[in-house]
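Visitor: What follows is input.csv, made up of CSV, C-alpha atoms:
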chain,number,residue,atom,x,y,z
A,1,MET,CA,0.0,0.0,0.0
A,2,THR,CA,1.4,3.4,-1.0
A,3,LYS,CA,1.6,5.9,1.8
A,4,VAL,CA,0.7,9.5,1.3
A,5,HIS,CA,3.8,11.5,2.2
A,6,PRO,CA,4.8,15.0,1.1
A,7,ASN,CA,8.0,15.7,-0.7
A,8,LEU,CA,9.2,18.6,1.5
A,9,ALA,CA,12.9,18.2,1.3
A,10,ALA,CA,14.4,20.1,4.3
A,11,LEU,CA,11.3,22.2,5.1
A,12,ILE,CA,9.4,19.9,7.4
A,13,THR,CA,9.2,16.3,8.6
A,14,ALA,CA,5.9,14.5,7.9
A,15,PRO,CA,4.3,12.6,10.7
A,16,ALA,CA,4.6,8.8,10.6
A,17,ALA,CA,0.9,8.0,10.4
A,18,LEU,CA,-0.4,9.7,7.2
A,19,PRO,CA,-3.5,8.7,5.3
A,20,ALA,CA,-3.1,6.2,2.5
A,21,VAL,CA,-3.9,6.4,-1.2
A,22,GLU,CA,-6.4,4.0,-2.6
A,23,LYS,CA,-7.5,3.4,-6.2
A,24,VAL,CA,-10.3,5.8,-7.2
A,25,LYS,CA,-13.5,4.4,-8.6
A,26,SER,CA,-14.5,5.7,-11.9
A,27,THR,CA,-17.4,8.3,-12.0
A,28,PRO,CA,-18.5,10.8,-14.6
A,29,LEU,CA,-16.7,13.6,-12.9
A,30,GLU,CA,-13.4,11.7,-12.6
A,31,ALA,CA,-12.6,12.0,-16.3
A,32,ARG,CA,-9.1,11.8,-17.6
A,33,ASP,CA,-8.4,15.4,-16.9
A,34,SER,CA,-9.9,15.5,-13.4
A,35,VAL,CA,-7.7,15.8,-10.3
A,36,VAL,CA,-8.3,13.7,-7.2
A,37,LEU,CA,-6.8,15.1,-4.0
A,38,THR,CA,-6.7,13.8,-0.5
A,39,VAL,CA,-7.5,16.5,2.1
A,40,TRP,CA,-6.2,16.0,5.6
A,41,LYS,CA,-7.5,18.5,8.2
A,42,LYS,CA,-4.2,18.7,10.0
A,43,SER,CA,-1.1,20.9,9.6
A,44,LEU,CA,2.3,19.3,9.0
A,45,LEU,CA,3.9,21.9,11.3
A,46,PHE,CA,4.2,21.2,15.0
A,47,ASN,CA,1.7,23.0,17.2
A,48,CYS,CA,-0.3,24.4,14.2
A,49,ASN,CA,-3.7,23.7,12.9
A,50,GLY,CA,-4.7,23.7,9.3
A,51,PHE,CA,-5.0,21.5,6.2
A,52,THR,CA,-2.6,19.4,4.2
A,53,VAL,CA,-3.5,18.3,0.7
A,54,PHE,CA,-1.9,15.5,-1.3
A,55,ASP,CA,-2.2,14.4,-4.9
A,56,GLY,CA,-2.8,10.8,-6.0
A,57,THR,CA,0.9,10.0,-5.8
A,58,GLY,CA,1.4,11.4,-2.3
A,59,ASN,CA,3.0,14.7,-3.2
A,60,LEU,CA,2.1,17.7,-1.2
A,61,VAL,CA,-0.1,20.2,-3.2
A,62,PHE,CA,-1.6,22.7,-0.8
A,63,ARG,CA,-1.2,23.5,2.9
A,64,VAL,CA,-2.8,25.8,5.5
A,65,ASP,CA,-0.9,26.3,8.7
A,66,ASN,CA,-2.7,29.3,10.3
A,67,TYR,CA,-6.2,27.9,10.5
A,68,MET,CA,-7.3,28.6,14.1
A,69,ALA,CA,-8.3,31.9,15.6
A,70,GLY,CA,-5.5,34.1,16.9
A,71,SER,CA,-2.8,32.8,14.6
A,72,GLY,CA,-3.0,35.7,12.2
A,73,ALA,CA,-2.8,39.4,13.0
A,74,ASN,CA,-6.0,40.1,11.0
A,75,GLY,CA,-7.7,36.7,11.4
A,76,GLU,CA,-6.7,35.7,7.8
A,77,ILE,CA,-6.6,32.2,6.4
A,78,ILE,CA,-3.8,31.7,3.8
A,79,LEU,CA,-3.9,28.8,1.3
A,80,MET,CA,-0.3,28.0,0.2
A,81,ASP,CA,1.3,25.7,-2.3
A,82,ALA,CA,3.8,23.0,-1.4
A,83,ASP,CA,6.6,25.5,-1.1
A,84,GLY,CA,4.7,27.9,1.2
A,85,LYS,CA,3.9,30.4,-1.5
A,86,PRO,CA,0.5,32.2,-0.7
A,87,LEU,CA,-2.1,31.3,-3.4
A,88,HIS,CA,-5.2,32.8,-1.8
A,89,THR,CA,-5.9,34.9,1.3
A,90,ILE,CA,-9.3,34.5,2.8
A,91,ARG,CA,-10.9,37.2,4.9
A,92,ARG,CA,-14.4,37.6,6.4
A,93,LYS,CA,-16.3,40.4,4.9
A,94,ARG,CA,-16.5,43.2,7.5
A,95,LEU,CA,-19.7,44.7,8.7
A,96,SER,CA,-21.6,41.7,7.4
A,97,LEU,CA,-24.4,40.1,9.4
A,98,ALA,CA,-24.2,36.8,7.5
A,99,ASP,CA,-21.3,34.4,6.7
A,100,ASN,CA,-19.7,36.4,3.8
A,101,TRP,CA,-16.1,35.9,2.9
A,102,LEU,CA,-13.7,37.5,0.4
A,103,VAL,CA,-10.9,35.5,-1.3
A,104,TYR,CA,-7.9,37.4,-2.7
A,105,ASP,CA,-5.1,36.2,-5.0
A,106,GLY,CA,-1.8,35.8,-3.1
A,107,GLU,CA,-1.6,38.2,-0.2
A,108,LYS,CA,-3.5,41.1,-1.8
A,109,ALA,CA,-5.7,43.2,0.4
A,110,ALA,CA,-7.7,44.8,-2.5
A,111,ASN,CA,-9.8,43.6,-5.5
A,112,PRO,CA,-10.9,40.1,-4.2
A,113,ARG,CA,-11.0,37.4,-6.8
A,114,PHE,CA,-14.3,36.0,-5.6
A,115,SER,CA,-16.6,36.0,-2.6
A,116,VAL,CA,-18.4,33.2,-0.8
A,117,ARG,CA,-21.7,33.6,1.0
A,118,LYS,CA,-23.4,31.0,3.3
A,119,HIS,CA,-26.8,30.1,2.1
A,120,VAL,CA,-29.6,30.6,4.7
A,121,ASN,CA,-33.0,29.5,3.5
A,122,ILE,CA,-35.1,27.0,5.3
A,123,LEU,CA,-37.0,26.3,2.1
A,124,ASN,CA,-33.8,25.1,0.3
A,125,THR,CA,-31.8,23.0,2.7
A,126,LYS,CA,-29.6,21.4,0.0
A,127,CYS,CA,-27.7,24.5,-0.8
A,128,LEU,CA,-24.7,25.3,1.4
A,129,ALA,CA,-23.1,28.4,-0.2
A,130,TYR,CA,-22.7,30.6,-3.3
A,131,VAL,CA,-19.5,31.7,-4.9
A,132,SER,CA,-19.8,35.0,-6.7
A,133,GLY,CA,-17.4,37.0,-9.0
A,134,ASN,CA,-15.5,40.0,-7.7
A,135,ASN,CA,-18.0,42.4,-9.2
A,136,SER,CA,-20.7,41.1,-6.9
A,137,SER,CA,-20.9,43.5,-4.0
A,138,SER,CA,-24.5,42.6,-3.4
A,139,PHE,CA,-24.2,38.9,-4.2
A,140,LYS,CA,-27.0,39.0,-6.8
A,141,ASN,CA,-27.9,35.7,-8.4
A,142,SER,CA,-26.8,36.9,-11.8
A,143,ASN,CA,-23.2,37.1,-10.5
A,144,VAL,CA,-23.1,33.6,-9.0
A,145,MET,CA,-20.2,31.5,-10.4
A,146,TYR,CA,-20.7,28.3,-8.4
A,147,GLU,CA,-23.3,26.8,-6.1
A,148,ILE,CA,-22.4,24.2,-3.4
A,149,GLU,CA,-25.0,21.6,-2.4
A,150,GLY,CA,-25.0,18.6,-0.1
A,151,SER,CA,-23.7,18.0,3.5
A,152,TYR,CA,-20.3,19.1,4.6
A,153,SER,CA,-20.5,17.4,7.9
A,154,HIS,CA,-20.9,14.1,6.0
A,155,ARG,CA,-18.2,15.1,3.5
A,156,SER,CA,-20.7,14.7,0.6
A,157,CYS,CA,-20.9,17.9,-1.4
A,158,ALA,CA,-21.1,18.9,-5.1
A,159,VAL,CA,-20.0,22.2,-6.7
A,160,TYR,CA,-22.1,23.3,-9.7
A,161,ASP,CA,-21.3,26.1,-12.2
A,162,GLU,CA,-23.7,28.6,-13.6
A,163,LYS,CA,-24.9,26.0,-16.2
A,164,ARG,CA,-25.5,23.4,-13.5
A,165,ARG,CA,-22.5,21.3,-14.5
A,166,ARG,CA,-20.8,19.4,-11.7
A,167,VAL,CA,-17.3,20.8,-11.5
A,168,ALA,CA,-16.1,19.5,-8.2
A,169,GLU,CA,-17.0,17.1,-5.4
A,170,ILE,CA,-16.2,16.5,-1.7
A,171,ARG,CA,-16.4,12.9,-0.7
A,172,GLN,CA,-15.6,10.6,2.1
A,173,LYS,CA,-12.5,8.6,1.7
A,174,GLU,CA,-13.2,4.9,1.5
A,175,ALA,CA,-11.7,2.5,4.0
A,176,VAL,CA,-8.4,0.9,3.1
A,177,GLY,CA,-7.5,-2.5,4.4
A,178,GLY,CA,-10.5,-2.4,6.7
A,179,VAL,CA,-9.4,0.8,8.4
A,180,ALA,CA,-11.9,3.6,8.1
A,181,PHE,CA,-11.0,7.3,7.9
A,182,GLY,CA,-12.8,9.9,10.0
A,183,VAL,CA,-14.2,13.1,8.6
A,184,ASP,CA,-10.8,14.8,8.9
A,185,VAL,CA,-9.5,12.8,5.9
A,186,PHE,CA,-11.6,13.1,2.7
A,187,ARG,CA,-11.3,13.5,-1.0
A,188,LEU,CA,-11.6,16.6,-3.2
A,189,VAL,CA,-12.3,15.7,-6.8
A,190,VAL,CA,-11.9,18.7,-9.2
A,191,GLY,CA,-13.0,18.6,-12.8
A,192,PRO,CA,-11.1,20.2,-15.7
A,193,LYS,CA,-13.3,23.3,-15.7
A,194,MET,CA,-12.3,24.4,-12.2
A,195,ASP,CA,-9.1,25.7,-10.6
A,196,THR,CA,-8.0,23.3,-7.9
A,197,SER,CA,-6.9,26.2,-5.6
A,198,VAL,CA,-10.3,27.7,-5.9
A,199,ALA,CA,-11.9,24.4,-5.0
A,200,MET,CA,-9.7,24.1,-2.0
A,201,SER,CA,-10.5,27.6,-0.9
A,202,ILE,CA,-14.2,26.6,-1.0
A,203,VAL,CA,-13.4,23.6,1.2
A,204,ILE,CA,-11.8,25.9,3.8
A,205,LEU,CA,-14.8,28.1,3.8
A,206,LEU,CA,-17.3,25.3,4.1
A,207,ASP,CA,-15.3,24.1,7.1
A,208,GLN,CA,-15.6,27.7,8.6
A,209,MET,CA,-19.3,27.7,7.9
A,210,TYR,CA,-20.3,24.2,8.8
A,211,GLY,CA,-17.3,22.5,10.5
A,212,SER,CA,-16.8,21.9,14.2
A,213,SER,CA,-13.6,24.0,14.5
A,214,ARG,CA,-13.4,27.2,16.5
A,215,ARG,CA,-13.6,29.9,13.8
A,216,PHE,CA,-12.0,33.2,13.0
A,217,HIS,CA,-13.6,36.3,14.4
A,218,ALA,CA,-12.2,39.0,12.0
If you convert what's in this file into C-alpha cells, what do you get?
Guide:
Amino acid sequence: MTKVHPNLAALITAPAALPAVEKVKSTPLEARDSVVLTVWKKSLLFNCNGFTVFDGTGNLVFRVDNYMAGSGANGEIILMDADGKPLHTIRRKRLSLADNWLVYDGEKAANPRFSVRKHVNILNTKCLAYVSGNNSSSFKNSNVMYEIEGSYSHRSCAVYDEKRRRVAEIRQKEAVGGVAFGVDVFRLVVGPKMDTSVAMSIVILLDQMYGSSRRFHA
C-alpha cells in the first residue's frame, strides 16, 4: 500500500501516520483530466492547525498552517502551495451580518478574486453556499459563479457552475485495508473546468461555515 507523504525536502518532517492512497472508482466527474486530491484536516507543522492536501501519488499540493483563531494578526486564512507560496488569502467580509467571505489572490488586500456567501434559507436545505465574482458587491444571483450543495458534515458535497454542471465534489475517503478514515480525511475531486486552488478555498470556507472547529472572528 502506498503511503501518502509530502516531498518537502528540508522544510518539514511528515508525521509517521499519514492517510493512505487508494485506487479511485470511476465516476462521470473523474474523467481523464480531473484531479483527485486527499485532504487532511491537519497541519504538518508542529503545534499548528490547518489543512494538508496531497495528490494521487502522495505529493504535497496545498497547505494551510494558520487555521485557528488568533494565529493571524488580522484573522486571515492563507492557502499556500507545497513551497509555502501564498495562493489565496481568505478574509471575512467586515460589517456583514451573514457568513460572507472574500478571497484574494496571493496576499493582496484589494480587489478580491471572488466572494463566498453562506446560504440561509429553510425552504432550500440542499444549498450550502454561493461563490460570486469580484463584481458582486450585493451577491446578486446573476453574478453567481458556483453553487455548493450537499452535506459538509458528512463530506458529501457537489459544486455546480452557472450551467449546473458538476465541476467539483467533496467525498468521504473509502476505508483501506479495513481501516476507516474519519471526517478529517476526505477527498476533493476537481474537474477540468475548475481551478484546484479555488476548489480548496471553497473547502476551507465550508469548514468555517459548517465545520466543528473554532472559527476566526475578524
Visitor: I'd like the neighbourhood of His154 (chain A) as a ChimeraX atom specification, where a residue qualifies if any of its atoms comes within 9 Å (using all atoms listed in the file), though same-chain residues fewer than 5 positions away should be ignored.
Guide: /A:171-172,183
Visitor: Considering only C-alpha atoms, can you say which of A:Val61, A:Ile204, A:Met209, A:Cys157 comes closest to Val35 (chain A)?
Guide: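 So, comparing all the options, the nearest one is A:Val61.
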Visitor: Give me, please, the distance in Å between CA of Phe114 (chain A) and CA of Cys48 (chain A), quoted to one decimal.
Guide: 26.9 Å
Visitor: So that I can see what lies close to Arg164 (chain A), please list as a list in words the residues with an atom at most 12 Å from it, counting all atoms listed in the file and leaving out residues fewer than 2 positions away in the same chain.
Guide: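 Returned residues: Val144, Met145, Tyr146, Glu147, Ile148, Glu149, Ala158, Val159, Tyr160, Asp161, Glu162, Arg166, Val167 and Ala168 of chain A.
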Visitor: Which is closest to Phe51 (chain A) among A:Leu37, A:Cys127, A:Ile90, A:Leu79, if we use all atoms listed in the file?
Guide: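 Closest to Phe51 (chain A) of all the choices is A:Leu79.
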Visitor: Between CA of Arg165 (chain A) and CA of Arg113 (chain A), what is the distance, to one decimal in Å?
Guide: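 Calculated distance between CA of Arg165 (chain A) and CA of Arg113 (chain A) is 21.2 Å.
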Visitor: Near Thr52 (chain A), within 9 Å and counting all atoms listed in the file, which residues show up once chain neighbours fewer than 2 positions away are dropped, as a list in words?
Guide: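 Skipping anything fewer than 2 positions along the chain leaves Thr38, Val39, Trp40, Lys41, Lys42, Ser43, Leu44, Gly50, Phe54, Leu60, Val61, Phe62, Arg63, Val64 and Asp65 of chain A.
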Visitor: Can you measure CA of Val176 (chain A) to CA of Gly211 (chain A) for me? One decimal in Å is fine.
Guide: 24.5 Å
Visitor: Measuring between only C-alpha atoms, which one of A:Ser151, A:Ser34, A:Asn49, A:Asn143 shows the shortest distance to Thr125 (chain A)?
Guide: A:Ser151
